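Structure file model31.txt; described as compact mmCIF, C-alpha atoms.
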# COMPACT_ATOMS: atom_id res chain seq x y z
CA MET A 1 18.65 97.21 -10.05
CA SER A 2 22.18 95.89 -9.45
CA LYS A 3 24.70 96.08 -12.30
CA VAL A 4 27.10 93.25 -13.09
CA VAL A 5 29.82 94.00 -15.65
CA PHE A 6 31.46 91.36 -17.86
CA ARG A 7 34.72 91.86 -19.77
CA ARG A 8 36.64 89.35 -21.86
CA ALA A 9 40.18 88.81 -20.59
CA SER A 10 43.16 86.49 -20.44
CA TYR A 11 46.04 86.42 -17.97
CA ALA A 12 48.34 88.25 -20.43
CA TYR A 13 48.97 91.27 -18.25
CA GLU A 14 49.10 93.93 -20.97
CA GLY A 15 45.42 93.23 -21.61
CA LEU A 16 44.31 92.10 -18.17
CA ARG A 17 45.31 95.30 -16.36
CA PRO A 18 43.17 97.67 -18.47
CA ALA A 19 40.29 95.17 -18.45
CA PHE A 20 40.40 94.97 -14.65
CA PHE A 21 40.57 98.77 -14.32
CA GLU A 22 37.62 99.12 -16.70
CA VAL A 23 35.52 96.62 -14.74
CA ILE A 24 36.10 98.23 -11.37
CA ASP A 25 35.65 101.77 -12.74
CA SER A 26 32.37 100.69 -14.33
CA VAL A 27 30.90 99.65 -10.99
CA ALA A 28 32.86 101.54 -8.33
CA ASP A 29 34.50 104.65 -9.81
CA GLY A 30 35.45 107.13 -7.09
CA LEU A 31 34.95 104.61 -4.29
CA ILE A 32 38.59 104.49 -3.17
CA THR A 33 39.87 107.62 -1.48
CA ARG A 34 43.48 108.73 -1.17
CA GLY A 35 45.21 107.43 1.95
CA SER A 36 42.55 104.81 2.73
CA ARG A 37 43.47 101.29 3.84
CA VAL A 38 42.12 98.80 1.32
CA VAL A 39 42.01 95.09 2.14
CA ILE A 40 42.12 92.87 -0.96
CA LYS A 41 40.63 89.44 -0.23
CA PRO A 42 41.47 86.83 -2.91
CA ASN A 43 40.56 83.14 -2.75
CA LEU A 44 43.67 81.61 -1.12
CA LEU A 45 42.23 78.23 -0.20
CA ALA A 46 45.50 76.26 -0.08
CA PRO A 47 48.96 76.13 -1.67
CA ALA A 48 48.39 75.65 -5.42
CA HIS A 49 49.88 76.74 -8.74
CA PRO A 50 48.00 79.23 -10.94
CA ASP A 51 47.21 76.68 -13.65
CA SER A 52 45.26 74.55 -11.14
CA ALA A 53 42.39 77.11 -11.12
CA MET A 54 42.10 76.72 -7.35
CA LEU A 55 43.03 80.26 -6.37
CA THR A 56 42.56 83.81 -7.60
CA HIS A 57 45.26 84.20 -10.25
CA PRO A 58 48.31 86.32 -9.31
CA ALA A 59 47.79 88.57 -12.33
CA VAL A 60 44.30 89.48 -11.09
CA VAL A 61 45.65 90.18 -7.60
CA ARG A 62 48.41 92.35 -9.11
CA ALA A 63 45.87 94.35 -11.11
CA ALA A 64 43.84 94.98 -7.94
CA VAL A 65 46.95 96.15 -6.06
CA GLU A 66 47.99 98.48 -8.87
CA TYR A 67 44.49 99.91 -9.08
CA VAL A 68 44.52 100.71 -5.35
CA ILE A 69 48.00 102.25 -5.54
CA GLU A 70 47.00 104.37 -8.55
CA LYS A 71 44.13 105.77 -6.45
CA GLY A 72 46.62 106.80 -3.75
CA ALA A 73 45.42 104.21 -1.23
CA ARG A 74 47.28 101.53 0.76
CA PRO A 75 46.68 97.91 -0.35
CA CYS A 76 46.82 94.92 1.97
CA ILE A 77 46.45 91.29 0.78
CA SER A 78 44.64 89.19 3.40
CA ASP A 79 42.98 85.81 3.81
CA SER A 80 42.90 82.83 6.18
CA PRO A 81 43.73 79.69 4.17
CA ALA A 82 41.86 76.50 4.94
CA MET A 83 45.00 74.42 4.34
CA GLY A 84 48.67 75.31 4.56
CA SER A 85 50.30 78.46 5.84
CA PHE A 86 49.53 81.91 4.48
CA GLY A 87 53.18 82.32 3.45
CA LYS A 88 53.24 79.00 1.64
CA VAL A 89 50.08 79.90 -0.30
CA LEU A 90 51.58 83.25 -1.36
CA GLU A 91 54.76 81.53 -2.56
CA THR A 92 53.19 78.56 -4.36
CA SER A 93 50.45 80.64 -6.01
CA GLY A 94 52.95 83.08 -7.49
CA ILE A 95 51.27 86.04 -5.79
CA ARG A 96 54.35 87.10 -3.83
CA ASP A 97 56.50 87.03 -6.97
CA ALA A 98 53.86 88.93 -8.97
CA LEU A 99 53.92 91.74 -6.41
CA ARG A 100 57.67 92.11 -5.86
CA GLY A 101 58.55 95.80 -5.94
CA HIS A 102 54.99 96.88 -5.15
CA ASP A 103 54.14 98.85 -2.02
CA VAL A 104 51.76 96.25 -0.58
CA VAL A 105 51.31 94.56 2.80
CA PHE A 106 50.67 90.83 3.18
CA ARG A 107 48.71 90.23 6.38
CA GLU A 108 47.04 86.95 7.31
CA PHE A 109 43.69 87.22 9.05
CA ARG A 110 44.45 86.31 12.68
CA ASP A 111 42.61 88.46 15.20
CA SER A 112 38.82 88.33 15.19
CA ARG A 113 35.84 89.61 17.08
CA ALA A 114 32.28 88.47 17.58
CA VAL A 115 29.66 89.93 15.27
CA GLY A 116 25.94 89.41 15.62
CA VAL A 117 24.53 87.56 12.60
CA GLY A 118 21.01 86.82 13.82
CA ASP A 119 19.17 83.59 14.50
CA PRO A 120 20.00 80.77 14.65
CA PHE A 121 23.72 81.59 14.75
CA LYS A 122 23.64 84.53 17.20
CA LYS A 123 27.31 85.57 16.84
CA ILE A 124 30.29 84.51 14.79
CA GLU A 125 33.97 85.46 15.01
CA ILE A 126 35.08 87.44 11.94
CA ALA A 127 38.55 88.79 11.11
CA SER A 128 39.05 92.22 12.65
CA ASP A 129 41.14 93.40 9.69
CA ALA A 130 38.24 92.71 7.33
CA LEU A 131 35.76 94.52 9.54
CA ASP A 132 38.05 97.52 10.17
CA ALA A 133 39.24 98.13 6.60
CA ASP A 134 38.31 101.44 5.03
CA LEU A 135 37.28 99.41 1.99
CA LEU A 136 37.37 95.72 1.07
CA ILE A 137 37.83 94.40 -2.47
CA ASN A 138 36.51 90.86 -2.85
CA LEU A 139 38.43 88.80 -5.47
CA PRO A 140 36.72 85.39 -5.71
CA LYS A 141 37.54 82.57 -8.11
CA LEU A 142 34.81 80.95 -10.22
CA LYS A 143 34.84 77.34 -8.97
CA THR A 144 32.57 74.43 -8.29
CA HIS A 145 32.09 73.27 -4.70
CA SER A 146 31.18 69.69 -3.81
CA GLN A 147 29.09 70.77 -0.82
CA MET A 148 27.53 74.04 -2.01
CA LEU A 149 27.53 73.59 -5.83
CA LEU A 150 29.58 76.73 -6.59
CA THR A 151 31.89 78.98 -4.62
CA LEU A 152 31.46 82.51 -5.95
CA GLY A 153 31.42 86.04 -4.55
CA VAL A 154 29.37 85.52 -1.39
CA LYS A 155 31.16 82.34 -0.32
CA ASN A 156 34.60 83.95 -0.76
CA MET A 157 33.86 85.96 2.37
CA TYR A 158 33.98 82.73 4.38
CA GLY A 159 37.75 83.26 4.36
CA CYS A 160 37.14 86.08 6.86
CA VAL A 161 36.37 83.39 9.45
CA VAL A 162 39.76 82.81 11.01
CA GLY A 163 41.71 79.56 11.09
CA LEU A 164 40.22 76.56 12.84
CA ARG A 165 36.86 78.28 13.27
CA LYS A 166 36.16 77.51 9.58
CA PRO A 167 36.03 73.70 9.96
CA GLU A 168 34.16 74.18 13.24
CA TRP A 169 31.36 76.06 11.44
CA HIS A 170 31.46 73.58 8.55
CA LEU A 171 30.71 70.85 11.07
CA ARG A 172 28.07 72.83 12.96
CA ALA A 173 26.15 74.18 9.98
CA GLY A 174 27.46 72.18 7.03
CA VAL A 175 25.36 69.11 7.78
CA HIS A 176 22.36 71.26 6.87
CA ARG A 177 23.21 72.88 3.52
CA GLU A 178 20.41 75.45 3.63
CA MET A 179 21.50 76.57 7.09
CA PHE A 180 25.12 76.80 5.98
CA ALA A 181 24.07 78.89 2.97
CA ARG A 182 22.31 81.32 5.28
CA LEU A 183 25.43 81.51 7.46
CA LEU A 184 27.53 82.37 4.40
CA VAL A 185 25.14 85.16 3.45
CA GLU A 186 25.17 86.51 7.01
CA ILE A 187 28.98 86.59 6.96
CA TYR A 188 28.94 88.38 3.61
CA ARG A 189 26.46 90.92 4.96
CA ALA A 190 28.51 91.45 8.15
CA VAL A 191 31.77 92.05 6.25
CA GLY A 192 30.12 94.09 3.49
CA PRO A 193 32.76 94.15 0.72
CA GLU A 194 32.40 97.36 -1.26
CA VAL A 195 33.21 95.79 -4.62
CA THR A 196 33.64 92.27 -6.02
CA VAL A 197 35.68 91.36 -9.11
CA MET A 198 35.61 87.66 -9.97
CA ASP A 199 38.42 85.79 -11.68
CA GLY A 200 36.44 83.80 -14.24
CA ILE A 201 39.28 83.62 -16.75
CA LEU A 202 40.36 80.08 -15.89
CA ALA A 203 37.49 78.61 -13.89
CA MET A 204 37.15 75.23 -12.19
CA GLU A 205 34.44 72.71 -13.02
CA GLY A 206 33.75 69.19 -11.78
CA GLU A 207 34.63 68.13 -8.25
CA GLY A 208 35.90 71.46 -6.88
CA PRO A 209 36.95 73.47 -5.00
CA GLY A 210 40.32 71.69 -4.60
CA LYS A 211 42.65 69.45 -6.55
CA SER A 212 39.86 67.13 -7.74
CA GLY A 213 38.38 69.91 -9.86
CA THR A 214 39.16 70.48 -13.54
CA PRO A 215 40.32 73.82 -14.99
CA ARG A 216 38.12 75.26 -17.75
CA GLU A 217 38.84 78.34 -19.84
CA ILE A 218 36.02 80.89 -19.75
CA GLY A 219 37.88 84.16 -20.26
CA ALA A 220 35.81 86.58 -18.19
CA LEU A 221 36.34 89.19 -15.51
CA ILE A 222 33.07 89.90 -13.73
CA GLY A 223 32.48 92.84 -11.39
CA SER A 224 29.74 94.36 -9.24
CA ARG A 225 29.15 96.37 -6.08
CA ASP A 226 26.73 93.57 -5.10
CA ALA A 227 28.24 90.07 -4.77
CA VAL A 228 24.81 88.45 -4.56
CA ALA A 229 23.80 89.99 -7.88
CA LEU A 230 27.15 88.89 -9.31
CA ASP A 231 26.48 85.30 -8.18
CA VAL A 232 23.04 85.40 -9.80
CA ALA A 233 24.59 86.68 -13.06
CA VAL A 234 27.29 84.00 -13.05
CA CYS A 235 24.67 81.28 -12.64
CA ARG A 236 22.82 82.70 -15.64
CA MET A 237 26.06 82.73 -17.64
CA LEU A 238 26.50 79.03 -16.82
CA GLY A 239 22.91 78.24 -17.83
CA LEU A 240 21.79 77.47 -14.27
CA ASP A 241 18.70 78.52 -12.41
CA PRO A 242 20.28 81.12 -10.07
CA TYR A 243 18.25 79.87 -7.13
CA ARG A 244 19.62 76.38 -7.45
CA LEU A 245 22.61 77.97 -5.70
CA LEU A 246 21.61 77.93 -2.05
CA THR A 247 23.39 81.17 -1.12
CA ASN A 248 21.33 82.99 -3.76
CA ARG A 249 18.17 81.40 -2.41
CA ALA A 250 19.05 82.40 1.15
CA ALA A 251 19.86 85.95 0.03
CA ARG A 252 16.50 86.23 -1.73
CA GLU A 253 14.69 85.03 1.40
CA MET A 254 16.60 87.67 3.38
CA GLY A 255 15.60 90.40 0.91
CA LEU A 256 19.13 90.97 -0.43
CA VAL A 257 18.47 90.32 -4.12
CA GLY A 258 15.66 90.90 -6.54
CA ASP A 259 14.96 89.40 -9.93
CA GLU A 260 16.27 92.48 -11.75
CA VAL A 261 20.01 92.09 -12.29
CA GLU A 262 21.52 94.08 -15.15
CA MET A 263 24.22 92.13 -17.02
CA GLU A 264 26.40 94.53 -19.03
CA GLY A 265 29.15 93.71 -21.50
CA ASP A 266 30.30 90.63 -23.37
CA VAL A 267 28.70 87.75 -21.45
CA PRO A 268 30.17 84.37 -22.47
CA ARG A 269 27.79 81.61 -23.52
CA ILE A 270 28.85 78.63 -21.42
CA GLU A 271 27.33 75.24 -22.21
CA ASP A 272 27.81 71.92 -20.42
CA PHE A 273 29.63 73.41 -17.43
CA ARG A 274 30.30 70.34 -15.31
CA LEU A 275 28.94 70.58 -11.76
CA PRO A 276 29.84 68.35 -8.80
CA GLU A 277 28.07 65.01 -8.79
Could you express the structure from this file as C-alpha cells?
Amino acid sequence: MSKVVFRRASYAYEGLRPAFFEVIDSVADGLITRGSRVVIKPNLLAPAHPDSAMLTHPAVVRAAVEYVIEKGARPCISDSPAMGSFGKVLETSGIRDALRGHDVVFREFRDSRAVGVGDPFKKIEIASDALDADLLINLPKLKTHSQMLLTLGVKNMYGCVVGLRKPEWHLRAGVHREMFARLLVEIYRAVGPEVTVMDGILAMEGEGPGKSGTPREIGALIGSRDAVALDVAVCRMLGLDPYRLLTNRAAREMGLVGDEVEMEGDVPRIEDFRLPE
C-alpha cells in the first residue's frame, strides 16, 4: 500500500518550512545521504508570477532546497521550460530571489540520452542530469490541463524531455490522448523520482495549465514516494474518479498502482473544482 501524506499549509514561510519538512520526513526520512547530488524538479512551464498558480511556488522550492542542505546534500534546481528561457523563468517566478544566499546550483536540462520505454515508443531522449542524479525530488503544481485533464506528479516528469523534443512528442503522441498518457507514465518510470511533494496550496482550475487557468486556494502540501499514488489521492480529494485521469489509467494497466492508497493527514474537501471544458 502506498502512503500519501496531506498537510495544511500557506505560503507564509514560517509555517510552510516545517510543514514541508514534516511531509517529506513522513514519506522519505533517511532517503537523502550526506554529499549526494539531489536534483529538484519544480514545474517551470514558462515565465509567470507566483500568484498566477502556473508554477511551483518559490517558497516551496526554497523549502526543498533547505531540506536538502540540512541533510548535508547538494541541491540543484533543474527543468526544461516549454516557453521562455530557463533564466527568465527563474527571475519572473521569484525562485532566484527566494534562493539568494543559498548554496544551490541552477542548471537547465540540456544534454539528454536515449532511454528505452517500450512499445510503441521504443526510445525517448531524457535529460541526462535527471537520470544521473543521486536522488530526484519531484515538485509538481496542482493544475488543470486542457489536453490531459490535470497535470500532477507523473506529468511533471515530462519536463525531463529536453527543449524542442517536448512539442515534437506532443505532436506525435498527443493526437491520441491514451497513447500520450502511456508515454508520460513511461517517462515517469524511466526517471524514477524518489519522492514527490506537490504544491497544492494555490492550485489552478479551469482552462490550465497556462494563463487561461484560474487560481484557486486549496491550502495543501501533498507528498509520497509514489507519484502515481499521489495522483490517485489528489483526484479523490477533488471528488473525481481517479481513473478518469488517463495517466492513472495507463499506470494501472501497466501494474504501477493498485486500489489501496493510504491517505494520511488533513485531506481538504474540495467541491466544484472546475475542470477544462
Hey, could you make a per-residue contact list for segment 167-257 of chain A against segment 64-84 of chain A with 12 Å as the cut-off, showing the nearest pair of atoms and its distance in Å to one decimal, counting only C-alpha atoms, sorted by chain and number, as a tab-separated table?
residue	atom	partner	partner_atom	distance
A:Pro167	CA	A:Ala82	CA	8.2
A:Glu168	CA	A:Ala82	CA	11.6
A:His170	CA	A:Ala82	CA	11.4
A:Val195	CA	A:Ala64	CA	11.2
A:Thr196	CA	A:Ala64	CA	10.7
A:Val197	CA	A:Ala64	CA	9.0
A:Met198	CA	A:Ala64	CA	11.2
A:Asp199	CA	A:Ala64	CA	11.3
A:Pro209	CA	A:Ala82	CA	11.5
A:Gly210	CA	A:Met83	CA	10.5
So which residues touch Pro215 of chain A within 6 Å, counting all atoms listed in the file, skipping near sequence neighbours fewer than 6 positions away, as a PDB file with C-alpha atoms, in the frame of the given file?
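Result file out23.pdb:
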ATOM      1  CA  ALA A  53      42.390  77.110 -11.120  1.00  0.00           C
ATOM      2  CA  ALA A 203      37.490  78.610 -13.890  1.00  0.00           C
ATOM      3  CA  MET A 204      37.150  75.230 -12.190  1.00  0.00           C
TER       4      MET A 204
END
Excluding Leu135 of chain A and its own-chain neighbours fewer than 2 positions away, which residues fall within 7 Å of it when counting all atoms listed in the file? Please give them as a PyMOL selection string. chain A and resi 37-39+133+137+194
Test item: residues at most 6 Å from segment 10-22 of chain A, all atoms listed in the file, excluding those fewer than 2 positions along its chain, as a PyMOL selection string: chain A and resi 24-26+63+219
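Each of A:Ala28, A:Leu240, A:Ala181, A:Gly35 was checked against Met254 of chain A using only C-alpha atoms; the smallest atom-to-atom distance is that of A:Ala181.
Here atom CA of Tyr158 of chain A and atom CA of Phe109 of chain A stand 11.7 Å from one another.
Of the residues under consideration (A:Asn138, A:Ser52, A:Val154, A:Leu183), A:Leu183 shows the shortest atom-to-atom contact distance to Gly116 of chain A when counting only C-alpha atoms.
When all atoms listed in the file are used to measure the gap to His49 of chain A, the shortest distance among A:Val27, A:Ile32, A:Leu246, A:Leu90 belongs to A:Leu90.
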Using all atoms listed in the file, find the one residue out of A:Leu55, A:Val232, A:Met263, A:Val117 that sits nearest to Arg189 of chain A. A:Val117
Report as a PyMOL selection string all protein, DNA and RNA residues lying within 9 Å of Glu260 of chain A, evaluated on all atoms listed in the file, omitting residues in the same chain fewer than 5 positions from it. chain A and resi 1-2+229
Do you have the atom CA of Asp29 of chain A-atom CA of Arg62 of chain A distance handy? 18.6 Å
Please list as a ChimeraX atom specification every residue within 12 Å of Lys141 of chain A, counting all atoms listed in the file and excluding residues in the same chain fewer than 5 positions away. /A:41-45,50,52-58,60-61,150-157,196-205,208-210,215,218,220-223,231,234
Pick out the closest residue to Ser146 of chain A from this set: A:Arg269, A:Arg8, A:Arg177, A:Arg216. Count all atoms listed in the file. A:Arg177
What's the separation between atom CA of Arg244 of chain A and atom CA of Glu186 of chain A, in Å to one decimal place? 18.5 Å
Per-axis box centre and lengths in Å around segment 251-264 of chain A, 8 Å margin per side, axis-aligned, as lines of an AutoDock Vina configuration file:
center_x = 20.5
center_y = 89.8
center_z = -7.8
size_x = 27.7
size_y = 25.5
size_z = 38.4
